[in-house]
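Since the structure comes first, as structure tokens, the remarks are kept for the end.
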Amino acid sequence: MTLFGRRGALLFVLLAVAIALPPYCGTYYTRFATQIAIYGMAALSVDLLLGYSGLITFGQAALFGVGAYAAGMLTVYGLTDALLTWPLAILVSMLFALAIGALSLRTRGFQFIMVTLAFAQMVYYFAQSLRNWGGDDGFTLPQRDSLKFISLADHTTFYYVVLVLLVLVVLLANRIVKSEFGMVIRGIRDNERRAAAVGFPPYPYKLVIFVIAGGIAGLAGALMANHAKFVSPATMSWQLSGELLAMVILGSANSLIGPILGAAFFLAFRDVLSDFTEHWMLFFGPLLVARVLLVKDGIWGMLVRATGADDKLGEPKVDFPEALERAADSKPGAAK
């Protein structure tokens, strides 16, 4: 992500629109924009795995739901300080991600997809078995959490808090993928054996990015619990994992802004068509196929080209495994 130039200006315009939105729209659209920001954050966590790590997972909804349940339970028990509740929800989600990733990352390809799906379904059915917490029906939060002297009961205030957190998550993700750690992750994605041969064992790196993505998904889940003031096992379903993957594919994988735009398009498409038919997926399926076949870089790529902000044109393509070899050679004590 470039901070200057046309692409930086495009990002600034998108952010300005997001900031200026609530005063010019009613409560419904403010809540809808909040939902977009939350799902955009969850989709970004999927993109860290799919786009930058080459890991296709069907278990991210489980971590999203764990964050929602953790935040909801703490709120019900009277812990309503967001500065405590949300970090605890992130921590619980990261611990679940550590446990799931430690086992599932020992597999590859289709096996990895099925193992993450299996873990997600285990968590889903465990949530259904919590009869004291509503079982399949879920439970309601008595109130939203609060930020010290700021009440989040107001929809506009809550929207701006979510927007600030989304921007911080994007900046954090940008710092991660641009770091040496991010270069290793992308090198492993492009050629895992070559990365391992030059001294970067794939397993611990993939586990770390899996846990980081789990923490981001957990934060999104905690925010959704506060947004809806309701939590149920539906937040852990494999269908939600599929929807998050669809958001990433629509917006553009290997991009930090694409998943957010994909979430906005997906939710708007679903809300508009669901007013006419409950079988809206019949129309969404061909659209997703057309995106894969005809538009190689998704909504974000189309927007970048349409505004002339494609400042990546002309830049040399980075061979990440080769860059890792150079980095390994430059390590102190490396064989000459």
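For the structure tokens, the naming scheme is as follows: chains receive sequential letters (A, B, ...) according to their order of presentation, residues are indexed from 1 within each chain, and ligands are indexed from 1 in presentation order.
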- Query: Do you know which residues are at most 6 Å from Ala97 of chain A counting only C-alpha atoms, after dropping those on the same chain fewer than 4 positions away, and could you put them as a list in words?
  - Reply: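 Final neighbour list, sorted by chain and number: Gly101, Val211 and Gly214 of chain A.
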Please dump the current selection as an mmCIF file, in the first residue's frame; keep N, CA and C atoms.
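For reference, result15.cif as written:
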data_model
loop_
_atom_site.group_PDB
_atom_site.id
_atom_site.type_symbol
_atom_site.label_atom_id
_atom_site.label_comp_id
_atom_site.auth_asym_id
_atom_site.auth_seq_id
_atom_site.Cartn_x
_atom_site.Cartn_y
_atom_site.Cartn_z
ATOM 1 N N GLY A 101 -4.260 -23.834 14.674
ATOM 2 C CA GLY A 101 -3.174 -23.741 13.719
ATOM 3 C C GLY A 101 -2.060 -24.722 13.997
ATOM 4 N N VAL A 211 -2.134 -17.032 13.869
ATOM 5 C CA VAL A 211 -2.560 -16.502 15.168
ATOM 6 C C VAL A 211 -2.893 -15.012 15.065
ATOM 7 N N GLY A 214 -6.154 -14.713 13.480
ATOM 8 C CA GLY A 214 -7.176 -15.105 14.446
ATOM 9 C C GLY A 214 -7.505 -13.981 15.418
#
Please tabulate, as a tab-separated table, the residues of segment 32-82 of chain A that come within 8 Å of segment 108-119 of chain A, each with its closest pair of atoms and the distance in Å to one decimal, counting only C-alpha atoms and ordering rows by chain, then residue number upward.
residue	atom	partner	partner_atom	distance
A:Leu55	CA	A:Gly109	CA	7.9
A:Ile56	CA	A:Ile113	CA	6.1
A:Thr57	CA	A:Ile113	CA	5.3
A:Phe58	CA	A:Leu117	CA	5.0
A:Gly59	CA	A:Thr116	CA	4.8
- Message: I need the alpha helix (DSSP H) residues of segment 97-287 of chain A per DSSP on the backbone, written as a PyMOL selection string.
- Response: chain A and resi 97-104+109-128+155-178+180-190+192-197+202-228+238-251+258-274+281-287
- Message: Ranking A:Val295, A:Gly134, A:Arg7, A:Phe64 by minimum distance to Met41 of chain A and counting only C-alpha atoms, which one comes first?
- Response: A:Phe64
- Identify, on the basis of only C-alpha atoms, every residue whose closest approach to Val76 of chain A does not exceed 12 Å; exclude the query and any residue fewer than 6 positions from it along the same chain; express the result as a ChimeraX atom specification. /A:69-70,85,133,139-145,225-226,229-231
- Looking only at strand (DSSP E) from DSSP on the backbone, list the matching residues of segment 142-212 of chain A as a ChimeraX atom specification. /A:146-147,150-151
- Query: Contacts of segment 204-210 of chain A at 7 Å or less, counting only C-alpha atoms, minus same-chain residues fewer than 2 places along, as a PyMOL selection string?
  - Reply: chain A and resi 49+97+101-102+185+201-202+212-214
Please produce a file of those selected residues containing C-alpha atoms, as a JSON list (two decimals), in the first residue's frame.
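After the write, again17.json holds the following:
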[["chain", "number", "residue", "atom", "x", "y", "z"],
["A", 49, "LEU", "CA", -3.97, -16.04, 5.14],
["A", 97, "ALA", "CA", -6.09, -19.92, 16.65],
["A", 101, "GLY", "CA", -3.17, -23.74, 13.72],
["A", 102, "ALA", "CA", -0.69, -25.89, 15.63],
["A", 185, "ILE", "CA", 5.48, -15.26, 4.54],
["A", 201, "PRO", "CA", 11.22, -22.98, 8.34],
["A", 202, "PRO", "CA", 7.63, -22.52, 7.09],
["A", 212, "ILE", "CA", -2.37, -12.84, 14.12],
["A", 213, "ALA", "CA", -5.25, -13.35, 11.68],
["A", 214, "GLY", "CA", -7.18, -15.10, 14.45]]
- Message: Please determine, counting only C-alpha atoms, which residue among A:Ser146, A:Thr80, A:Ser45, A:Ser129 has the shortest atom-to-atom distance to Gly221 of chain A.
- Response: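 Between A:Ser146, A:Thr80, A:Ser45, A:Ser129, the residue approaching Gly221 of chain A most closely is A:Ser45.
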- So, counting only C-alpha atoms, which residue among A:Gly65, A:Gly78, A:Gly251, A:Gly262 is closest to Phe126 of chain A?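 Counting only C-alpha atoms, the residue closest to Phe126 of chain A is A:Gly65.
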- Write out as a list of chain:residue names which residues come within 9 Å of Leu267 of chain A when counting only C-alpha atoms, dropping same-chain ones fewer than 2 positions away. A:Phe32, A:Gln35, A:Ile36, A:Tyr39, A:Gly262, A:Ala263, A:Ala264, A:Phe265, A:Phe269, A:Arg270, A:Asp271, A:Val272
Using only C-alpha atoms, determine which residues lie at most 9 Å from segment 161-174 of chain A, disregarding the query and same-chain residues fewer than 2 positions distant; provide the list as a compact mmCIF listing (two decimals) with N, CA, C and O atoms, in the first residue's frame.
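Final file, out_31.txt:
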# COMPACT_ATOMS: atom_id res chain seq x y z
N MET A 1 0.84 -1.18 0.00
CA MET A 1 0.00 0.00 0.00
C MET A 1 0.89 1.24 0.00
O MET A 1 1.73 1.41 0.86
N LEU A 15 -11.36 7.10 2.71
CA LEU A 15 -11.46 7.35 4.14
C LEU A 15 -12.31 8.57 4.43
O LEU A 15 -13.11 8.57 5.38
N ALA A 18 -15.89 7.64 4.19
CA ALA A 18 -16.31 6.87 5.36
C ALA A 18 -16.52 7.76 6.57
O ALA A 18 -17.44 7.55 7.37
N ILE A 19 -15.68 8.78 6.73
CA ILE A 19 -15.80 9.68 7.87
C ILE A 19 -17.02 10.58 7.74
O ILE A 19 -17.74 10.85 8.71
N THR A 34 -21.43 0.36 9.65
CA THR A 34 -20.71 -0.29 10.75
C THR A 34 -20.53 -1.77 10.46
O THR A 34 -19.46 -2.35 10.69
N ALA A 37 -17.78 -2.28 7.96
CA ALA A 37 -16.44 -2.12 8.55
C ALA A 37 -16.04 -3.36 9.34
O ALA A 37 -14.89 -3.80 9.30
N ILE A 38 -17.00 -3.94 10.07
CA ILE A 38 -16.70 -5.12 10.89
C ILE A 38 -16.39 -6.32 10.01
O ILE A 38 -15.38 -7.03 10.21
N GLY A 40 -15.49 -6.19 6.93
CA GLY A 40 -14.27 -5.88 6.21
C GLY A 40 -13.03 -6.23 7.01
O GLY A 40 -12.05 -6.74 6.47
N MET A 41 -13.09 -6.00 8.32
CA MET A 41 -11.98 -6.37 9.21
C MET A 41 -11.81 -7.89 9.23
O MET A 41 -10.68 -8.40 9.16
N LEU A 44 -10.34 -9.02 5.99
CA LEU A 44 -8.91 -8.70 5.94
C LEU A 44 -8.09 -9.78 6.63
O LEU A 44 -7.00 -10.14 6.19
N SER A 45 -8.63 -10.31 7.74
CA SER A 45 -7.92 -11.39 8.44
C SER A 45 -7.81 -12.63 7.55
O SER A 45 -6.80 -13.34 7.58
N LEU A 48 -5.01 -12.04 4.94
CA LEU A 48 -3.65 -12.27 5.44
C LEU A 48 -3.26 -13.74 5.25
O LEU A 48 -2.08 -14.04 5.03
N LEU A 152 -20.92 4.00 23.96
CA LEU A 152 -21.03 3.45 22.62
C LEU A 152 -22.48 3.09 22.27
O LEU A 152 -22.72 2.43 21.26
N THR A 156 -23.82 6.31 15.90
CA THR A 156 -22.80 7.08 15.19
C THR A 156 -21.46 7.01 15.92
O THR A 156 -20.40 6.82 15.29
N THR A 157 -21.48 7.15 17.24
CA THR A 157 -20.25 7.05 18.02
C THR A 157 -19.60 5.68 17.85
O THR A 157 -18.39 5.56 17.66
N PHE A 158 -20.43 4.65 17.92
CA PHE A 158 -19.91 3.29 17.77
C PHE A 158 -19.32 3.10 16.38
O PHE A 158 -18.27 2.44 16.21
N TYR A 159 -19.96 3.67 15.36
CA TYR A 159 -19.44 3.57 14.00
C TYR A 159 -18.03 4.16 13.90
O TYR A 159 -17.13 3.55 13.30
N ILE A 176 2.95 -5.33 8.85
CA ILE A 176 3.35 -6.75 8.90
C ILE A 176 3.79 -7.24 7.53
O ILE A 176 4.84 -7.85 7.37
N VAL A 177 2.96 -6.98 6.51
CA VAL A 177 3.27 -7.54 5.18
C VAL A 177 4.46 -6.85 4.53
O VAL A 177 5.10 -7.43 3.65
N LYS A 178 4.78 -5.62 4.95
CA LYS A 178 5.94 -4.92 4.39
C LYS A 178 7.22 -5.21 5.17
O LYS A 178 8.30 -4.78 4.75
N SER A 179 7.11 -5.89 6.29
CA SER A 179 8.27 -6.19 7.11
C SER A 179 9.03 -7.39 6.57
O SER A 179 8.61 -8.04 5.61
N ILE A 216 -7.27 -10.73 14.78
CA ILE A 216 -8.05 -9.73 14.05
C ILE A 216 -9.50 -10.19 13.89
O ILE A 216 -10.44 -9.41 14.07
N LEU A 223 -16.61 -6.83 18.13
CA LEU A 223 -17.32 -5.64 17.65
C LEU A 223 -18.71 -5.99 17.14
O LEU A 223 -19.68 -5.25 17.37
N LEU A 256 -4.89 -5.08 0.93
CA LEU A 256 -5.46 -4.81 2.25
C LEU A 256 -6.77 -4.03 2.17
O LEU A 256 -7.56 -4.08 3.10
N ILE A 257 -6.98 -3.31 1.10
CA ILE A 257 -8.21 -2.54 0.95
C ILE A 257 -9.26 -3.36 0.21
O ILE A 257 -10.46 -3.21 0.45
Find the residues near Leu88 of chain A: any atom within 10 Å, counting only C-alpha atoms, skip ones fewer than 6 places away on the same chain, and give them as a tab-separated table (two decimals) with all heavy atoms, in the first residue's frame.
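Generated file (out-v2.tsv):
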chain	number	residue	atom	x	y	z
A	67	GLY	N	-14.47	-14.74	19.37
A	67	GLY	CA	-14.35	-13.36	19.83
A	67	GLY	C	-15.69	-12.78	20.24
A	67	GLY	O	-15.80	-12.07	21.25
A	70	ALA	N	-16.75	-14.50	23.57
A	70	ALA	CA	-15.93	-14.04	24.68
A	70	ALA	C	-16.38	-12.64	25.13
A	70	ALA	O	-16.57	-12.38	26.32
A	70	ALA	CB	-14.46	-14.04	24.29
A	71	ALA	N	-16.54	-11.74	24.16
A	71	ALA	CA	-16.96	-10.38	24.49
A	71	ALA	C	-18.37	-10.37	25.07
A	71	ALA	O	-18.66	-9.66	26.04
A	71	ALA	CB	-16.89	-9.49	23.25
A	74	LEU	N	-18.42	-11.79	28.72
A	74	LEU	CA	-17.83	-10.84	29.66
A	74	LEU	C	-18.79	-9.68	29.93
A	74	LEU	O	-18.91	-9.20	31.07
A	74	LEU	CB	-16.51	-10.32	29.11
A	74	LEU	CG	-15.35	-11.32	29.08
A	74	LEU	CD1	-14.17	-10.74	28.31
A	74	LEU	CD2	-14.93	-11.70	30.50
A	82	ALA	N	-14.60	-1.60	27.44
A	82	ALA	CA	-14.11	-2.11	26.16
A	82	ALA	C	-12.59	-2.28	26.16
A	82	ALA	O	-12.07	-3.14	25.46
A	82	ALA	CB	-14.53	-1.18	25.02
A	94	MET	N	-6.95	-15.64	19.81
A	94	MET	CA	-5.59	-16.00	19.42
A	94	MET	C	-5.18	-17.33	20.03
A	94	MET	O	-4.46	-18.11	19.39
A	94	MET	CB	-4.62	-14.89	19.84
A	94	MET	CG	-4.81	-13.59	19.08
A	94	MET	SD	-3.69	-12.26	19.59
A	94	MET	CE	-2.18	-12.78	18.79
A	218	GLY	N	-11.04	-12.21	15.90
A	218	GLY	CA	-11.65	-12.12	17.23
A	218	GLY	C	-12.10	-10.72	17.57
A	218	GLY	O	-13.16	-10.51	18.16
A	219	LEU	N	-11.29	-9.71	17.19
A	219	LEU	CA	-11.69	-8.32	17.41
A	219	LEU	C	-12.95	-7.99	16.62
A	219	LEU	O	-13.88	-7.35	17.14
A	219	LEU	CB	-10.55	-7.38	17.01
A	219	LEU	CG	-10.87	-5.88	17.04
A	219	LEU	CD1	-11.30	-5.44	18.44
A	219	LEU	CD2	-9.68	-5.06	16.55
A	222	ALA	N	-15.88	-9.49	18.42
A	222	ALA	CA	-16.25	-8.72	19.60
A	222	ALA	C	-17.04	-7.46	19.21
A	222	ALA	O	-18.02	-7.09	19.88
A	222	ALA	CB	-15.00	-8.34	20.40
